[in-house]
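This is protein-v2.cif. It holds mmCIF, C-alpha atoms and all ligand atoms.
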```cif
data_target
#
loop_
_atom_site.label_atom_id
_atom_site.label_comp_id
_atom_site.auth_asym_id
_atom_site.auth_seq_id
_atom_site.Cartn_x
_atom_site.Cartn_y
_atom_site.Cartn_z
CA MET A 1 75.01 120.10 5.09
CA LYS A 2 74.80 120.91 8.78
CA PRO A 3 71.86 119.08 10.33
CA SER A 4 69.10 121.32 11.62
CA SER A 5 69.17 121.68 15.36
CA ILE A 6 66.06 119.57 15.66
CA ASN A 7 65.98 116.41 13.60
CA LEU A 8 62.33 115.56 13.98
CA VAL A 9 60.11 115.84 10.94
CA PRO A 10 56.71 117.44 11.48
CA ASP A 11 54.77 114.17 11.86
CA ASP A 12 57.19 112.97 14.49
CA LEU A 13 56.82 116.24 16.32
CA LEU A 14 53.09 115.88 16.32
CA ALA A 15 53.21 112.29 17.50
CA SER A 16 55.77 112.84 20.20
CA HIS A 17 54.58 116.11 21.64
CA LYS A 18 50.82 115.87 21.76
CA ARG A 19 49.88 114.68 25.18
CA LYS A 20 47.49 111.84 25.76
CA LEU A 21 44.54 112.37 28.04
CA TYR A 22 46.17 111.59 31.38
CA ALA A 23 42.80 111.63 33.09
CA GLU A 24 41.88 108.51 31.13
CA GLU A 25 45.00 106.62 32.12
CA ILE A 26 44.34 103.02 33.10
CA VAL A 27 44.75 102.21 36.77
CA SER A 28 45.46 98.55 37.67
CA SER A 29 43.33 96.68 40.21
CA GLU A 30 46.33 96.61 42.60
CA GLU A 31 46.65 100.37 42.32
CA LEU A 32 42.93 100.80 42.91
CA GLN A 33 43.19 98.75 46.11
CA LEU A 34 46.15 100.83 47.23
CA ILE A 35 44.26 104.04 46.49
CA GLU A 36 41.30 102.84 48.59
CA LYS A 37 43.61 101.91 51.48
CA ILE A 38 45.29 105.33 51.35
CA LYS A 39 41.91 107.07 51.31
CA ASN A 40 40.75 105.09 54.37
CA LEU A 41 43.92 105.86 56.30
CA VAL A 42 43.74 109.55 55.39
CA SER A 43 40.21 109.70 56.72
CA GLU A 44 40.86 107.59 59.89
CA LYS A 45 43.97 109.54 60.88
CA ASN A 46 42.72 112.93 59.67
CA ILE A 47 45.72 113.42 57.42
CA SER A 48 46.08 116.32 55.00
CA LEU A 49 47.56 115.23 51.68
CA ILE A 50 49.51 117.95 49.88
CA SER A 51 50.96 117.25 46.43
CA HIS A 52 52.80 119.21 43.78
CA TYR A 53 51.61 119.61 40.18
CA TYR A 54 54.69 117.67 39.02
CA THR A 55 53.81 114.47 40.90
CA ASP A 56 52.32 111.47 39.14
CA ASN A 57 48.76 112.10 37.94
CA LYS A 58 47.45 109.24 40.09
CA ILE A 59 48.82 110.98 43.18
CA GLN A 60 47.30 114.30 42.08
CA LYS A 61 43.90 112.71 41.46
CA LEU A 62 43.93 110.87 44.79
CA THR A 63 44.93 114.06 46.62
CA GLU A 64 42.00 115.90 45.07
CA GLU A 65 39.58 113.10 45.95
CA VAL A 66 40.44 113.35 49.67
CA ASN A 67 40.10 117.16 49.61
CA GLY A 68 43.83 117.63 49.90
CA CYS A 69 45.81 120.25 48.03
CA VAL A 70 47.41 119.92 44.61
CA SER A 71 49.26 123.11 43.78
CA ASP A 72 52.52 124.97 43.37
CA SER A 73 54.95 125.30 46.23
CA LEU A 74 53.53 128.61 47.50
CA GLN A 75 49.98 127.27 47.79
CA MET A 76 51.29 124.00 49.26
CA ALA A 77 53.00 125.98 52.01
CA LYS A 78 49.88 128.04 52.74
CA PHE A 79 47.56 125.01 52.71
CA GLY A 80 49.75 123.12 55.18
CA LYS A 81 49.85 126.12 57.49
CA ASP A 82 46.08 126.63 57.39
CA SER A 83 45.15 122.94 57.57
CA LYS A 84 43.23 121.81 60.66
CA SER A 85 44.99 118.46 60.49
CA ASP A 86 47.99 117.72 62.74
CA ILE A 87 49.50 115.38 60.16
CA LEU A 88 50.64 116.57 56.74
CA VAL A 89 51.85 114.14 54.08
CA VAL A 90 53.67 116.05 51.35
CA SER A 91 54.30 114.48 47.94
CA GLY A 92 56.94 116.42 46.08
CA VAL A 93 60.59 117.09 46.81
CA LYS A 94 62.30 117.53 50.15
CA PHE A 95 62.34 121.32 50.31
CA MET A 96 58.53 121.24 50.08
CA GLY A 97 58.29 119.00 53.16
CA GLU A 98 60.78 121.21 54.97
CA THR A 99 58.81 124.33 54.06
CA ALA A 100 55.64 122.74 55.45
CA LYS A 101 57.48 121.90 58.69
CA ILE A 102 58.97 125.40 59.03
CA LEU A 103 55.53 126.99 58.68
CA SER A 104 53.80 124.39 60.87
CA PRO A 105 56.42 123.29 63.43
CA ASN A 106 53.82 121.75 65.72
CA LYS A 107 52.49 119.46 63.00
CA LYS A 108 53.94 116.13 61.96
CA VAL A 109 55.16 116.27 58.35
CA TYR A 110 55.86 113.08 56.41
CA MET A 111 56.91 112.44 52.84
CA PRO A 112 56.72 109.37 50.59
CA THR A 113 60.51 109.58 50.28
CA LEU A 114 63.20 111.82 51.73
CA ASP A 115 65.53 111.02 48.83
CA ALA A 116 63.60 113.25 46.42
CA THR A 117 65.65 116.41 46.19
CA CYS A 118 66.11 119.11 43.52
CA SER A 119 69.08 120.20 41.40
CA LEU A 120 68.61 123.78 42.62
CA ASP A 121 68.75 122.72 46.27
CA LEU A 122 71.72 120.40 45.62
CA GLY A 123 73.54 123.13 43.71
CA CYS A 124 73.33 125.62 46.56
CA PRO A 125 75.12 124.21 49.64
CA VAL A 126 74.64 126.46 52.63
CA ASN A 127 78.33 127.05 53.42
CA GLU A 128 79.20 128.08 49.87
CA PHE A 129 76.13 130.26 49.56
CA LYS A 130 76.96 131.90 52.88
CA LYS A 131 80.46 132.81 51.63
CA PHE A 132 78.94 134.21 48.43
CA CYS A 133 76.59 136.37 50.51
CA GLU A 134 79.45 137.56 52.73
CA HIS A 135 81.07 139.08 49.65
CA HIS A 136 77.99 141.30 49.24
CA PRO A 137 77.09 142.43 52.78
CA ASP A 138 75.10 145.44 51.50
CA ARG A 139 72.55 143.28 49.64
CA GLU A 140 69.22 141.75 50.63
CA ILE A 141 69.36 137.95 50.30
CA VAL A 142 66.39 136.60 48.33
CA VAL A 143 66.21 132.87 47.68
CA TYR A 144 63.89 130.73 45.70
CA ALA A 145 61.82 128.22 47.70
CA ASN A 146 63.84 125.42 46.05
CA THR A 147 66.54 125.59 48.72
CA SER A 148 67.36 123.77 51.95
CA ALA A 149 65.98 124.91 55.29
CA GLU A 150 69.54 125.99 56.20
CA VAL A 151 69.77 128.31 53.18
CA LYS A 152 66.35 129.76 53.98
CA ALA A 153 67.56 130.36 57.55
CA ILE A 154 70.37 132.68 56.37
CA SER A 155 68.18 134.56 53.87
CA ASP A 156 66.07 137.69 54.21
CA TRP A 157 63.33 136.56 51.85
CA VAL A 158 62.09 133.29 50.38
CA VAL A 159 60.01 133.51 47.20
CA THR A 160 58.37 131.11 44.78
CA SER A 161 58.15 131.67 41.04
CA SER A 162 54.56 132.94 41.45
CA ILE A 163 55.58 135.99 43.47
CA ALA A 164 59.30 136.41 42.75
CA LEU A 165 58.75 139.28 40.30
CA ASP A 166 56.48 141.19 42.67
CA VAL A 167 58.81 140.81 45.65
CA ILE A 168 61.93 141.90 43.73
CA ASP A 169 60.00 144.82 42.23
CA HIS A 170 58.96 145.83 45.74
CA LEU A 171 62.52 145.59 47.11
CA ASP A 172 63.88 147.48 44.10
CA SER A 173 61.34 150.26 44.66
CA GLU A 174 62.75 150.59 48.20
CA GLY A 175 66.22 151.07 46.68
CA LYS A 176 67.52 147.69 47.85
CA LYS A 177 70.22 145.73 46.04
CA ILE A 178 69.74 142.00 45.86
CA ILE A 179 71.54 138.66 46.02
CA TRP A 180 69.47 136.11 44.14
CA GLY A 181 69.81 132.33 44.43
CA PRO A 182 69.85 129.68 43.26
CA ASP A 183 68.17 129.63 39.80
CA LYS A 184 70.14 131.78 37.34
CA HIS A 185 67.52 131.61 34.59
CA LEU A 186 64.71 132.84 36.85
CA GLY A 187 67.11 135.42 38.29
CA ARG A 188 68.03 136.71 34.84
CA TYR A 189 64.36 136.88 33.84
CA ILE A 190 63.47 138.88 36.97
CA GLN A 191 66.47 141.16 36.49
CA GLN A 192 65.41 141.85 32.91
CA LYS A 193 61.81 142.58 33.91
CA THR A 194 62.45 144.71 36.99
CA LYS A 195 65.86 146.22 36.15
CA ALA A 196 66.75 145.58 39.80
CA ASP A 197 70.39 145.49 40.87
CA MET A 198 70.92 141.74 41.36
CA VAL A 199 73.87 139.39 41.66
CA LEU A 200 72.99 135.82 40.73
CA TRP A 201 74.02 132.44 42.11
CA ASP A 202 74.86 129.97 39.33
CA GLY A 203 72.20 127.24 39.73
CA ALA A 204 69.74 125.64 37.32
CA CYS A 205 66.89 123.14 37.15
CA VAL A 206 67.90 120.00 35.25
CA VAL A 207 64.41 119.69 33.76
CA HIS A 208 63.75 123.23 32.53
CA GLU A 209 67.28 123.81 31.31
CA GLU A 210 66.65 121.18 28.62
CA PHE A 211 63.99 123.09 26.68
CA LYS A 212 65.33 124.16 23.30
CA HIS A 213 64.80 127.40 21.40
CA GLU A 214 65.13 125.93 17.89
CA GLY A 215 62.88 122.96 18.63
CA LEU A 216 60.26 125.24 20.11
CA LYS A 217 60.37 127.50 17.07
CA SER A 218 59.82 124.47 14.79
CA LEU A 219 56.84 123.35 16.84
CA MET A 220 55.44 126.91 16.81
CA GLN A 221 55.60 126.89 13.02
CA LEU A 222 53.47 123.75 13.03
CA HIS A 223 50.95 125.33 15.36
CA GLU A 224 50.93 129.01 14.51
CA ASP A 225 47.74 129.54 16.49
CA ALA A 226 49.17 128.01 19.68
CA LYS A 227 50.01 130.08 22.74
CA VAL A 228 53.40 129.30 24.26
CA LEU A 229 53.50 128.86 28.05
CA VAL A 230 56.95 128.77 29.65
CA HIS A 231 58.20 128.30 33.20
CA PRO A 232 60.84 130.93 34.05
CA GLU A 233 63.40 128.30 35.09
CA SER A 234 63.85 127.72 31.34
CA PRO A 235 66.74 129.28 29.36
CA HIS A 236 66.16 132.91 28.30
CA SER A 237 66.12 131.93 24.58
CA VAL A 238 63.03 129.81 25.33
CA ILE A 239 61.45 132.44 27.59
CA ASP A 240 61.85 134.95 24.75
CA LEU A 241 59.36 132.95 22.65
CA ALA A 242 56.65 132.79 25.33
CA ASP A 243 53.18 134.35 25.39
CA CYS A 244 52.99 133.57 29.11
CA VAL A 245 55.96 133.21 31.46
CA GLY A 246 54.80 131.97 34.81
CA SER A 247 54.78 129.53 37.70
CA THR A 248 52.83 126.29 37.38
CA SER A 249 49.72 127.95 38.83
CA GLN A 250 50.06 130.90 36.47
CA ILE A 251 50.46 128.57 33.47
CA ILE A 252 47.35 126.63 34.48
CA ASP A 253 45.36 129.85 35.03
CA TYR A 254 46.44 131.19 31.66
CA ALA A 255 45.35 128.01 29.85
CA ASN A 256 42.04 127.89 31.77
CA ASN A 257 41.15 131.49 30.96
CA SER A 258 42.56 131.91 27.47
CA PRO A 259 40.20 131.79 24.47
CA ALA A 260 43.01 130.04 22.54
CA ARG A 261 42.48 126.36 21.68
CA LYS A 262 46.12 125.24 21.45
CA PHE A 263 49.05 125.57 23.82
CA ILE A 264 52.71 124.59 23.78
CA VAL A 265 53.94 124.09 27.31
CA ALA A 266 57.55 124.24 28.58
CA THR A 267 57.55 122.77 32.06
CA ASP A 268 57.52 119.34 33.74
CA LYS A 269 55.09 116.87 32.16
CA GLY A 270 53.23 116.42 35.43
CA ILE A 271 51.36 119.66 34.74
CA PHE A 272 49.49 118.11 31.80
CA TYR A 273 47.19 116.26 34.19
CA GLN A 274 45.68 119.54 35.41
CA LEU A 275 45.77 121.25 32.01
CA ILE A 276 43.86 118.46 30.26
CA LYS A 277 41.47 117.80 33.13
CA ASN A 278 40.47 121.46 33.28
CA ASN A 279 40.35 121.97 29.50
CA PRO A 280 39.30 118.74 27.80
CA ASP A 281 38.45 120.54 24.57
CA LYS A 282 41.81 122.30 24.22
CA GLU A 283 45.03 120.86 22.79
CA PHE A 284 48.31 120.80 24.69
CA TYR A 285 51.75 120.08 23.25
CA GLU A 286 55.03 119.49 25.04
CA ALA A 287 57.78 121.96 24.22
CA PRO A 288 60.69 120.03 22.67
CA THR A 289 63.77 119.06 24.64
CA ALA A 290 65.46 117.07 21.86
CA GLY A 291 68.09 118.58 19.59
CA ASP A 292 71.58 120.04 20.03
CA GLY A 293 72.86 119.67 23.56
CA ALA A 294 70.14 117.23 24.64
CA THR A 295 71.09 115.03 27.57
CA CYS A 296 69.61 112.06 29.39
CA ASN A 297 67.57 114.58 31.38
CA SER A 298 65.69 115.57 28.23
CA CYS A 299 62.40 113.92 29.14
CA SER A 300 60.61 116.91 30.73
CA ARG A 301 60.23 114.81 33.84
CA CYS A 302 61.83 115.66 37.15
CA PRO A 303 63.69 112.55 38.34
CA TRP A 304 63.07 113.45 41.97
CA MET A 305 59.35 114.21 41.61
CA GLY A 306 59.12 110.83 39.89
CA MET A 307 60.31 109.11 43.09
CA ASN A 308 56.88 109.71 44.63
CA SER A 309 54.62 106.71 44.02
CA LEU A 310 51.36 105.26 45.33
CA GLU A 311 53.43 102.61 47.14
CA ASN A 312 55.62 104.99 49.12
CA LEU A 313 52.69 107.36 49.65
CA TYR A 314 50.88 104.39 51.24
CA ASP A 315 53.94 103.81 53.48
CA ALA A 316 53.93 107.46 54.51
CA VAL A 317 50.26 107.48 55.53
CA SER A 318 50.31 104.03 57.18
CA ASN A 319 53.68 103.77 58.95
CA GLN A 320 54.47 107.43 59.18
CA GLY A 321 58.15 107.02 58.38
CA ASN A 322 60.12 109.63 56.47
CA GLU A 323 59.29 112.36 58.93
CA ILE A 324 60.75 115.83 58.38
CA ASN A 325 62.73 116.89 61.44
CA LEU A 326 64.52 120.21 61.65
CA GLU A 327 66.44 121.93 64.45
CA ASP A 328 64.41 124.52 66.32
CA GLU A 329 67.00 127.21 65.58
CA ILE A 330 66.76 126.57 61.82
CA ILE A 331 62.95 126.63 61.99
CA ASP A 332 62.93 129.91 63.90
CA LYS A 333 65.28 131.65 61.46
CA ALA A 334 63.73 130.22 58.30
CA GLN A 335 60.25 131.20 59.52
CA ILE A 336 61.19 134.86 59.26
CA SER A 337 62.10 134.73 55.56
CA LEU A 338 59.27 132.33 54.68
CA ASN A 339 56.59 134.27 56.52
CA ARG A 340 57.63 137.40 54.64
CA MET A 341 56.63 135.56 51.47
CA VAL A 342 53.41 134.13 52.87
CA ASN A 343 52.34 137.55 54.21
CA PHE A 344 53.48 139.53 51.15
S1 LIG A 401 61.58 120.20 38.31
FE1 LIG A 401 63.57 121.22 38.59
S2 LIG A 401 63.16 122.82 40.13
FE2 LIG A 401 61.44 121.34 40.23
S3 LIG A 401 62.07 119.87 41.81
FE3 LIG A 401 62.75 119.01 39.84
S4 LIG A 401 64.87 119.72 39.62
FE4 LIG A 401 63.93 120.98 41.21
#
```
Give the structure from the file, written as structure tokens.
Amino acid sequence: MKPSSINLVPDDLLASHKRKLYAEEIVSSEELQLIEKIKNLVSEKNISLISHYYTDNKIQKLTEEVNGCVSDSLQMAKFGKDSKSDILVVSGVKFMGETAKILSPNKKVYMPTLDATCSLDLGCPVNEFKKFCEHHPDREIVVYANTSAEVKAISDWVVTSSIALDVIDHLDSEGKKIIWGPDKHLGRYIQQKTKADMVLWDGACVVHEEFKHEGLKSLMQLHEDAKVLVHPESPHSVIDLADCVGSTSQIIDYANNSPARKFIVATDKGIFYQLIKNNPDKEFYEAPTAGDGATCNSCSRCPWMGMNSLENLYDAVSNQGNEINLEDEIIDKAQISLNRMVNF
């Protein structure tokens, strides 16, 4: 008999997918000391901490405690731009630090590590993308924020997942044809929703691509009353099962405002910190990544987001290494496409 595409029995599913209360996670005395040191330095140097929802929950909590910003990449960009501080320390992946620098070129932008990248950024080298665009000179170039500063500099628009649908809808209503890069799953989702004329670059997120349709269906049968929240970087067969398809902020808003008590969530595990903190009386389950075609990336955890730690965050606020530096010409060009998004 052919094995079912997910081999977990119901009890295993329950045990492995129900998230523990991250907010109650134990912090060691060394970590507490480090947290205090970071807080003091942030206050002394008037640093703005900006962190993504996918970073470690200790980094998110610390960022909140110093009145920094924990959010999705669109809000991170806006917060950095509006911040009164001249020093921004961005925990996330490199394109987020670059975006902060492009929007605030006169500010110093540091990151815990410059090695934290993104499979979408890596999979869209500027020279190859440029050639792709040259084959379609009549199209507006719209790229996802998860791209290098150089790719943003040759694009007409930059969008995040929170406003991608609205921007493409707007461009489509003006009769424009579109080149979309780099995430093919998000591109396909937008194309399906808006019916816009789009050609898609072939990129994907290593984390979201691992969510599995069959496994999700099995978990939904166990929790028939659960709402399914899916990030649009996931495969379309997973998106098709969703009650809410949205960016990290939109997923959090949906869970906060929904009368439902149970949710199955298909995005990076880092988001559970906010979901559980905001909704302690609701239940959250991880969408399955195990099953046919599972790989070593099947942990719902971005390997690059995971490179941010309290230790290297301390280095960033104390020594101010890992500074983001970009050529003026790249900043000037990328500002045009990024500011279109910010002002949209
Ligand atoms: S989760 Fe995916 S899209 Fe986000 S930074 Fe990691 S690889 Fe990139």
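One distance worth recording is that between atom CA of Ala287 of chain A and atom CA of Tyr144 of chain A, which is 24.0 Å.
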Do you have, as a Markdown table, the list of residues of chain A lying at most 6 Å from ligand LIG 401 (chain A), each with its nearest atom pair and that distance in Å to one decimal, counting only C-alpha atoms and all ligand atoms and ordered by chain then number?
```
| residue | atom | partner | partner_atom | distance |
| --- | --- | --- | --- | --- |
| A:Val93 | CA | A:LIG401 | S3 | 5.9 |
| A:Cys118 | CA | A:LIG401 | FE4 | 3.7 |
| A:Ser119 | CA | A:LIG401 | S4 | 4.6 |
| A:Leu120 | CA | A:LIG401 | FE4 | 5.6 |
| A:Cys205 | CA | A:LIG401 | FE1 | 4.1 |
| A:Val206 | CA | A:LIG401 | S4 | 5.3 |
| A:Val207 | CA | A:LIG401 | FE1 | 5.1 |
| A:Cys302 | CA | A:LIG401 | FE3 | 4.4 |
| A:Trp304 | CA | A:LIG401 | FE3 | 6.0 |
```
Prev. selection, C-alpha atoms, output as a tab-separated table (two decimals), in the frame of the given file:
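The result, written out as part_8.tsv:
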```tsv
chain	number	residue	atom	x	y	z
A	93	VAL	CA	60.59	117.09	46.81
A	118	CYS	CA	66.11	119.11	43.52
A	119	SER	CA	69.08	120.20	41.40
A	120	LEU	CA	68.61	123.78	42.62
A	205	CYS	CA	66.89	123.14	37.15
A	206	VAL	CA	67.90	120.00	35.25
A	207	VAL	CA	64.41	119.69	33.76
A	302	CYS	CA	61.83	115.66	37.15
A	304	TRP	CA	63.07	113.45	41.97
```
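Nearest residue to Thr55 of chain A among A:Val109, A:Leu222, A:Ala116, A:Ile179 is A:Ala116, counting all atoms listed in the file.
Distance annotation: of A:Ser83, A:Gln274, A:Gln192, A:Ser162, the residue with the minimal separation from Ser48 of chain A is A:Ser83; atom set is only C-alpha atoms.
Minimum distance to Leu114 of chain A across A:His208, A:Ser247, A:Glu311, A:Met305 (counting only C-alpha atoms) occurs at A:Met305.
Look at Gly246 of chain A: the protein and nucleic acid residues within 8 Å of it, using only C-alpha atoms and passing over chain neighbours fewer than 6 places away, are Ser161, Ser162, Leu229, Val230, His231 and Pro232 of chain A.
Atom CA of Glu64 of chain A lies 17.0 Å from atom CA of Pro112 of chain A.
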Exercise for review: Select, counting all atoms listed in the file, all protein, DNA and RNA residues no farther than 8 Å from (52.8, 131.8, 44.6) in file coordinates, and express the selection as a PyMOL selection string.
Suggested key: chain A and resi 72-75+159-163+247+249
Exercise for review: Kindly provide, as a list in words, the polymer residues lying within 8 Å of (69.1, 132.4, 40.3), counting all atoms listed in the file and using the coordinates exactly as they appear in the file.
Suggested key: Val143, Tyr144, Trp180, Gly181, Pro182, Asp183, Lys184, His185, Leu186, Gly187, Arg188, Leu200, Trp201, Asp202, Gly203 and Ala204 of chain A
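Taking atom CA of Lys58 of chain A as the reference point, atom CA of Leu310 of chain A is found at 7.7 Å.
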Review point. Near Arg139 of chain A, counting all atoms listed in the file, which residues have an atom at most 12 Å away, once you skip same-chain residues fewer than 3 positions from it, shown as a ChimeraX atom specification?
Key: /A:132-136,142,155-157,171-172,175-180,196-200
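Nearest residue to Arg301 of chain A among A:Thr267, A:Asn256, A:Asn279, A:Gln335 is A:Thr267, counting all atoms listed in the file.
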Practice item. Excluding Ser91 of chain A and any residue of its chain fewer than 3 positions from it, enumerate the residues within 12 Å of it, using only C-alpha atoms, and give them as a PyMOL selection string. Key: chain A and resi 48-60+62-63+68-73+76+88+94-98+100+109-117+304-314+316-317+322
**Study point:** Shortest interatomic distance to Ile35 of chain A - which of A:Asp86, A:Glu65, A:Lys212, A:Ile47, counting all atoms listed in the file
**Key:** A:Glu65
